[in-house]
Amino acid sequence: MLRKIFIAGNWKMNLTLSASLELSAGLRGQIGGVSDVEVAVCPPSVYVQQVAAALKDTNIGVGAQNVYHKDKGAFTGEISTGMLLDIGAKYVILGHSERRHILHETNEDVNLKTLAVLASGLTPIVCVGELLAEREAGTTEAVVRDQFEGSFADVSASDMKRSVIAYEPVWAIGTGKVATPDQAEEVHVFVRSLIEKKYGKEVAESVRIQYGGSVNDENAKEILAKSNVDGALVGGASLKVEPFVKIVKSA
Ligand code: PEP
């Protein structure tokens with residue numbers, strides 16, 4: 001099964017509108033026509049529409065970093081999947097560790113969002129990953145299993161197939177401490193085994209599992225060479241044209 005490598009940039013709460021447009025123009029010029037790798041950028045939601053317009057007619061998709069699970073109503077401050085579709089989004093990052101640990105999102109919250117995103121036709125990028133203390137306590141697999149099972153509860157096999165998972169060890173996010181390619185591969189193999197157990201081999205072999213955590217233009221190639229690493233979710237190194245372009249090219 002050939003899984004298309006998928007590189008996504010998570011801009012988090014960074015950049016101004018003009019900096020977002022400048023970055024988009026740079027990416028458009030250098031990798032706008034890329035076809036052998038799937039590429040997306042996820043700006044702050046207030047910039048999604050302008051970034052999607054700036055990347056129109058390129059192969060770079062645009063995603064959001066969060067969404068609410070309800071369609072509409074009295075949910076002050078929240079944004080629906082329909083609104084994201086309206087402004088040109090194709091992807092939504094869900095369950096990022098910053099949302100789990102700073103905004104206290106639970107597996108149940110992530111599950112409701114995952115179901116809503118899948119029902120809308122958007123593609124979810126669902127993040128899982130352990131804290132340093134959990135890795136040191138030997139509970140990485142238990143934590144990741146819990147997050148996988150919780151986040152994908154009631155998701156059908158056909159929806160699972162079009163979902164993306166990002167394995168992001170929390171101790172490697174924004175810290176410069178990247179997991180070794182072997183450490184990443186080990187957890188990716190485990191995640192794929194969880195998918196296989198629930199949905200069977202065919203689905204497990206089709207789901208892309210990205211690695212995230214201090215990926216940059218120097219370490220990307222080695223991590224992406226692992227057979228179960230199907231791409232990367234890139235934070236810091238996605239905020240500038242050159243490193244992000246290099247990561248995409250190294251894929
Ligand atoms: C992320 O934001 O998902 C991430 C992995 O960040 P960084 O690449 O900066 O560690």
# chains A, B, ... in the order shown; residues from 1 in each chain; ligands from 1
>>> residues_near_ligand(ligand="ligand 1", cutoff="8 Å", atoms="only C-alpha atoms and all ligand atoms", output="VMD selection string")
chain A and resid 9 to 12 96 to 97 168 172 to 176 178 211 to 216 233 to 238
>>> residues_around(residues="range 143-152 of chain A", least_positions_apart="6", cutoff="6 Å", atoms="only C-alpha atoms", output="MDAnalysis selection string")
chainID A and resid 107 110:111 128:129
>>> select_by_dssp(residues="range 16-127 of chain A", states="helix (DSSP H, G or I)", output="count of residues only")
50
>>> closest_residue(among="A:Val46, A:Thr139, A:Asp71, A:Ser163", to="Ile93 in chain A", atoms="only C-alpha atoms")
A:Ser163
>>> residues_around(residues="Gly82 in chain A", least_positions_apart="5", cutoff="10 Å", atoms="only C-alpha atoms", output="PyMOL selection string")
chain A and resi 67+70-72+87+89+116-117+120-122
>>> select_by_dssp(residues="range 120-166 of chain A", states="strand (DSSP E or B)", output="list of chain:residue names")
A:Thr123, A:Pro124, A:Ile125, A:Val126, A:Cys127, A:Val128, A:Val164, A:Ile165, A:Ala166
>>> write_last_selection(atoms="C-alpha atoms", output="PDB file, in the first residue's frame")
ATOM      1  CA  THR A 123     -10.028  15.878   6.926  1.00  0.00           C
ATOM      2  CA  PRO A 124      -9.085  15.579  10.598  1.00  0.00           C
ATOM      3  CA  ILE A 125      -5.448  15.448  11.668  1.00  0.00           C
ATOM      4  CA  VAL A 126      -5.819  13.910  15.113  1.00  0.00           C
ATOM      5  CA  CYS A 127      -2.840  14.306  17.433  1.00  0.00           C
ATOM      6  CA  VAL A 128      -1.792  11.755  20.035  1.00  0.00           C
ATOM      7  CA  VAL A 164      -4.792  11.413   9.480  1.00  0.00           C
ATOM      8  CA  ILE A 165      -3.082  10.758  12.814  1.00  0.00           C
ATOM      9  CA  ALA A 166      -0.148  12.801  14.070  1.00  0.00           C
TER      10      ALA A 166
END
>>> residues_around(residues="Leu17 in chain A", least_positions_apart="6", cutoff="10 Å", atoms="only C-alpha atoms", output="JSON, numbers by chain")
{"A": [23, 43, 44, 46, 47, 48, 50, 51]}
>>> write_last_selection(atoms="all heavy atoms", output="PDB file, in the first residue's frame")
ATOM      1  N   LEU A  23       4.413  34.608   3.685  1.00  0.00           N
ATOM      2  CA  LEU A  23       4.801  33.197   3.766  1.00  0.00           C
ATOM      3  C   LEU A  23       4.067  32.383   2.695  1.00  0.00           C
ATOM      4  O   LEU A  23       4.675  31.559   1.994  1.00  0.00           O
ATOM      5  CB  LEU A  23       4.482  32.677   5.182  1.00  0.00           C
ATOM      6  CG  LEU A  23       4.715  31.215   5.521  1.00  0.00           C
ATOM      7  CD1 LEU A  23       6.132  30.759   5.158  1.00  0.00           C
ATOM      8  CD2 LEU A  23       4.486  30.972   7.018  1.00  0.00           C
ATOM      9  N   PRO A  43      -3.029  27.990   9.340  1.00  0.00           N
ATOM     10  CA  PRO A  43      -2.840  29.293   9.992  1.00  0.00           C
ATOM     11  C   PRO A  43      -3.858  29.470  11.125  1.00  0.00           C
ATOM     12  O   PRO A  43      -4.777  28.658  11.253  1.00  0.00           O
ATOM     13  CB  PRO A  43      -3.156  30.294   8.866  1.00  0.00           C
ATOM     14  CG  PRO A  43      -3.687  29.523   7.717  1.00  0.00           C
ATOM     15  CD  PRO A  43      -3.758  28.079   8.084  1.00  0.00           C
ATOM     16  N   PRO A  44      -3.726  30.528  11.908  1.00  0.00           N
ATOM     17  CA  PRO A  44      -4.789  30.857  12.862  1.00  0.00           C
ATOM     18  C   PRO A  44      -6.103  31.005  12.081  1.00  0.00           C
ATOM     19  O   PRO A  44      -6.087  31.488  10.937  1.00  0.00           O
ATOM     20  CB  PRO A  44      -4.340  32.214  13.426  1.00  0.00           C
ATOM     21  CG  PRO A  44      -2.848  32.224  13.238  1.00  0.00           C
ATOM     22  CD  PRO A  44      -2.599  31.471  11.973  1.00  0.00           C
ATOM     23  N   VAL A  46      -8.494  33.017  11.931  1.00  0.00           N
ATOM     24  CA  VAL A  46      -8.867  34.321  11.367  1.00  0.00           C
ATOM     25  C   VAL A  46      -8.151  34.606  10.046  1.00  0.00           C
ATOM     26  O   VAL A  46      -8.562  35.507   9.306  1.00  0.00           O
ATOM     27  CB  VAL A  46      -8.589  35.494  12.329  1.00  0.00           C
ATOM     28  CG1 VAL A  46      -9.602  35.521  13.443  1.00  0.00           C
ATOM     29  CG2 VAL A  46      -7.169  35.462  12.881  1.00  0.00           C
ATOM     30  N   TYR A  47      -7.091  33.865   9.750  1.00  0.00           N
ATOM     31  CA  TYR A  47      -6.361  34.094   8.490  1.00  0.00           C
ATOM     32  C   TYR A  47      -6.630  33.009   7.445  1.00  0.00           C
ATOM     33  O   TYR A  47      -6.093  33.081   6.334  1.00  0.00           O
ATOM     34  CB  TYR A  47      -4.851  34.147   8.741  1.00  0.00           C
ATOM     35  CG  TYR A  47      -4.389  35.231   9.703  1.00  0.00           C
ATOM     36  CD1 TYR A  47      -3.265  35.032  10.507  1.00  0.00           C
ATOM     37  CD2 TYR A  47      -5.055  36.450   9.802  1.00  0.00           C
ATOM     38  CE1 TYR A  47      -2.828  36.005  11.387  1.00  0.00           C
ATOM     39  CE2 TYR A  47      -4.627  37.422  10.694  1.00  0.00           C
ATOM     40  CZ  TYR A  47      -3.512  37.203  11.480  1.00  0.00           C
ATOM     41  OH  TYR A  47      -3.084  38.173  12.352  1.00  0.00           O
ATOM     42  N   VAL A  48      -7.427  32.005   7.805  1.00  0.00           N
ATOM     43  CA  VAL A  48      -7.609  30.872   6.878  1.00  0.00           C
ATOM     44  C   VAL A  48      -8.121  31.338   5.517  1.00  0.00           C
ATOM     45  O   VAL A  48      -7.622  30.920   4.462  1.00  0.00           O
ATOM     46  CB  VAL A  48      -8.566  29.807   7.501  1.00  0.00           C
ATOM     47  CG1 VAL A  48      -9.085  28.844   6.444  1.00  0.00           C
ATOM     48  CG2 VAL A  48      -7.829  29.021   8.582  1.00  0.00           C
ATOM     49  N   GLN A  50      -7.925  34.265   3.922  1.00  0.00           N
ATOM     50  CA  GLN A  50      -6.953  34.988   3.083  1.00  0.00           C
ATOM     51  C   GLN A  50      -5.817  34.080   2.633  1.00  0.00           C
ATOM     52  O   GLN A  50      -5.323  34.189   1.525  1.00  0.00           O
ATOM     53  CB  GLN A  50      -6.379  36.196   3.825  1.00  0.00           C
ATOM     54  CG  GLN A  50      -7.359  37.370   3.913  1.00  0.00           C
ATOM     55  CD  GLN A  50      -8.003  37.465   5.265  1.00  0.00           C
ATOM     56  OE1 GLN A  50      -8.265  36.450   5.923  1.00  0.00           O
ATOM     57  NE2 GLN A  50      -8.270  38.683   5.705  1.00  0.00           N
ATOM     58  N   VAL A  51      -5.397  33.179   3.504  1.00  0.00           N
ATOM     59  CA  VAL A  51      -4.311  32.257   3.130  1.00  0.00           C
ATOM     60  C   VAL A  51      -4.817  31.295   2.045  1.00  0.00           C
ATOM     61  O   VAL A  51      -4.115  31.007   1.077  1.00  0.00           O
ATOM     62  CB  VAL A  51      -3.768  31.509   4.368  1.00  0.00           C
ATOM     63  CG1 VAL A  51      -2.834  30.372   3.971  1.00  0.00           C
ATOM     64  CG2 VAL A  51      -3.032  32.484   5.292  1.00  0.00           C
TER      65      VAL A  51
END
>>> residues_around(residues="range 130-138 of chain A", least_positions_apart="4", cutoff="6 Å", atoms="only C-alpha atoms", output="number ranges by chain")
A: 169-171
>>> atom_distance(atom1="CA of Arg28 in chain A", atom2="CA of Lys90 in chain A")
17.1 Å
>>> closest_residue(among="A:Val39, A:Val191, A:Leu118, A:Met13", to="Ala142 in chain A", atoms="only C-alpha atoms")
A:Val191
>>> residues_around(residues="Glu205 in chain A", least_positions_apart="5", cutoff="9 Å", atoms="only C-alpha atoms", output="PyMOL selection string")
chain A and resi 1-3+161+192+195-196+200
>>> write_last_selection(atoms="N, CA and C atoms", output="short mmCIF file (atom, residue, chain, number, x, y, z; two decimals), in the first residue's frame")
data_model
loop_
_atom_site.label_atom_id
_atom_site.label_comp_id
_atom_site.auth_asym_id
_atom_site.auth_seq_id
_atom_site.Cartn_x
_atom_site.Cartn_y
_atom_site.Cartn_z
N MET A 1 0.87 -1.21 0.00
CA MET A 1 0.00 0.00 0.00
C MET A 1 0.89 1.24 0.00
N LEU A 2 0.68 2.09 -0.99
CA LEU A 2 1.47 3.31 -1.08
C LEU A 2 0.71 4.46 -0.42
N ARG A 3 1.26 4.97 0.67
CA ARG A 3 0.61 6.10 1.33
C ARG A 3 1.32 7.38 0.90
N LYS A 161 -10.32 5.59 7.36
CA LYS A 161 -9.41 5.52 6.22
C LYS A 161 -8.99 6.90 5.72
N ARG A 192 -0.42 1.89 14.22
CA ARG A 192 -0.99 1.15 13.09
C ARG A 192 -1.59 -0.18 13.58
N ILE A 195 -5.01 0.51 14.86
CA ILE A 195 -5.98 0.69 13.76
C ILE A 195 -6.35 -0.68 13.20
N GLU A 196 -5.34 -1.52 13.04
CA GLU A 196 -5.59 -2.84 12.46
C GLU A 196 -6.52 -3.67 13.35
N GLY A 200 -9.07 -3.57 10.82
CA GLY A 200 -8.52 -4.52 9.84
C GLY A 200 -7.31 -3.96 9.11
#
>>> closest_residue(among="A:Glu141, A:Asp86, A:Asp154, A:Asp109", to="Lys198 in chain A", atoms="only C-alpha atoms")
A:Asp154
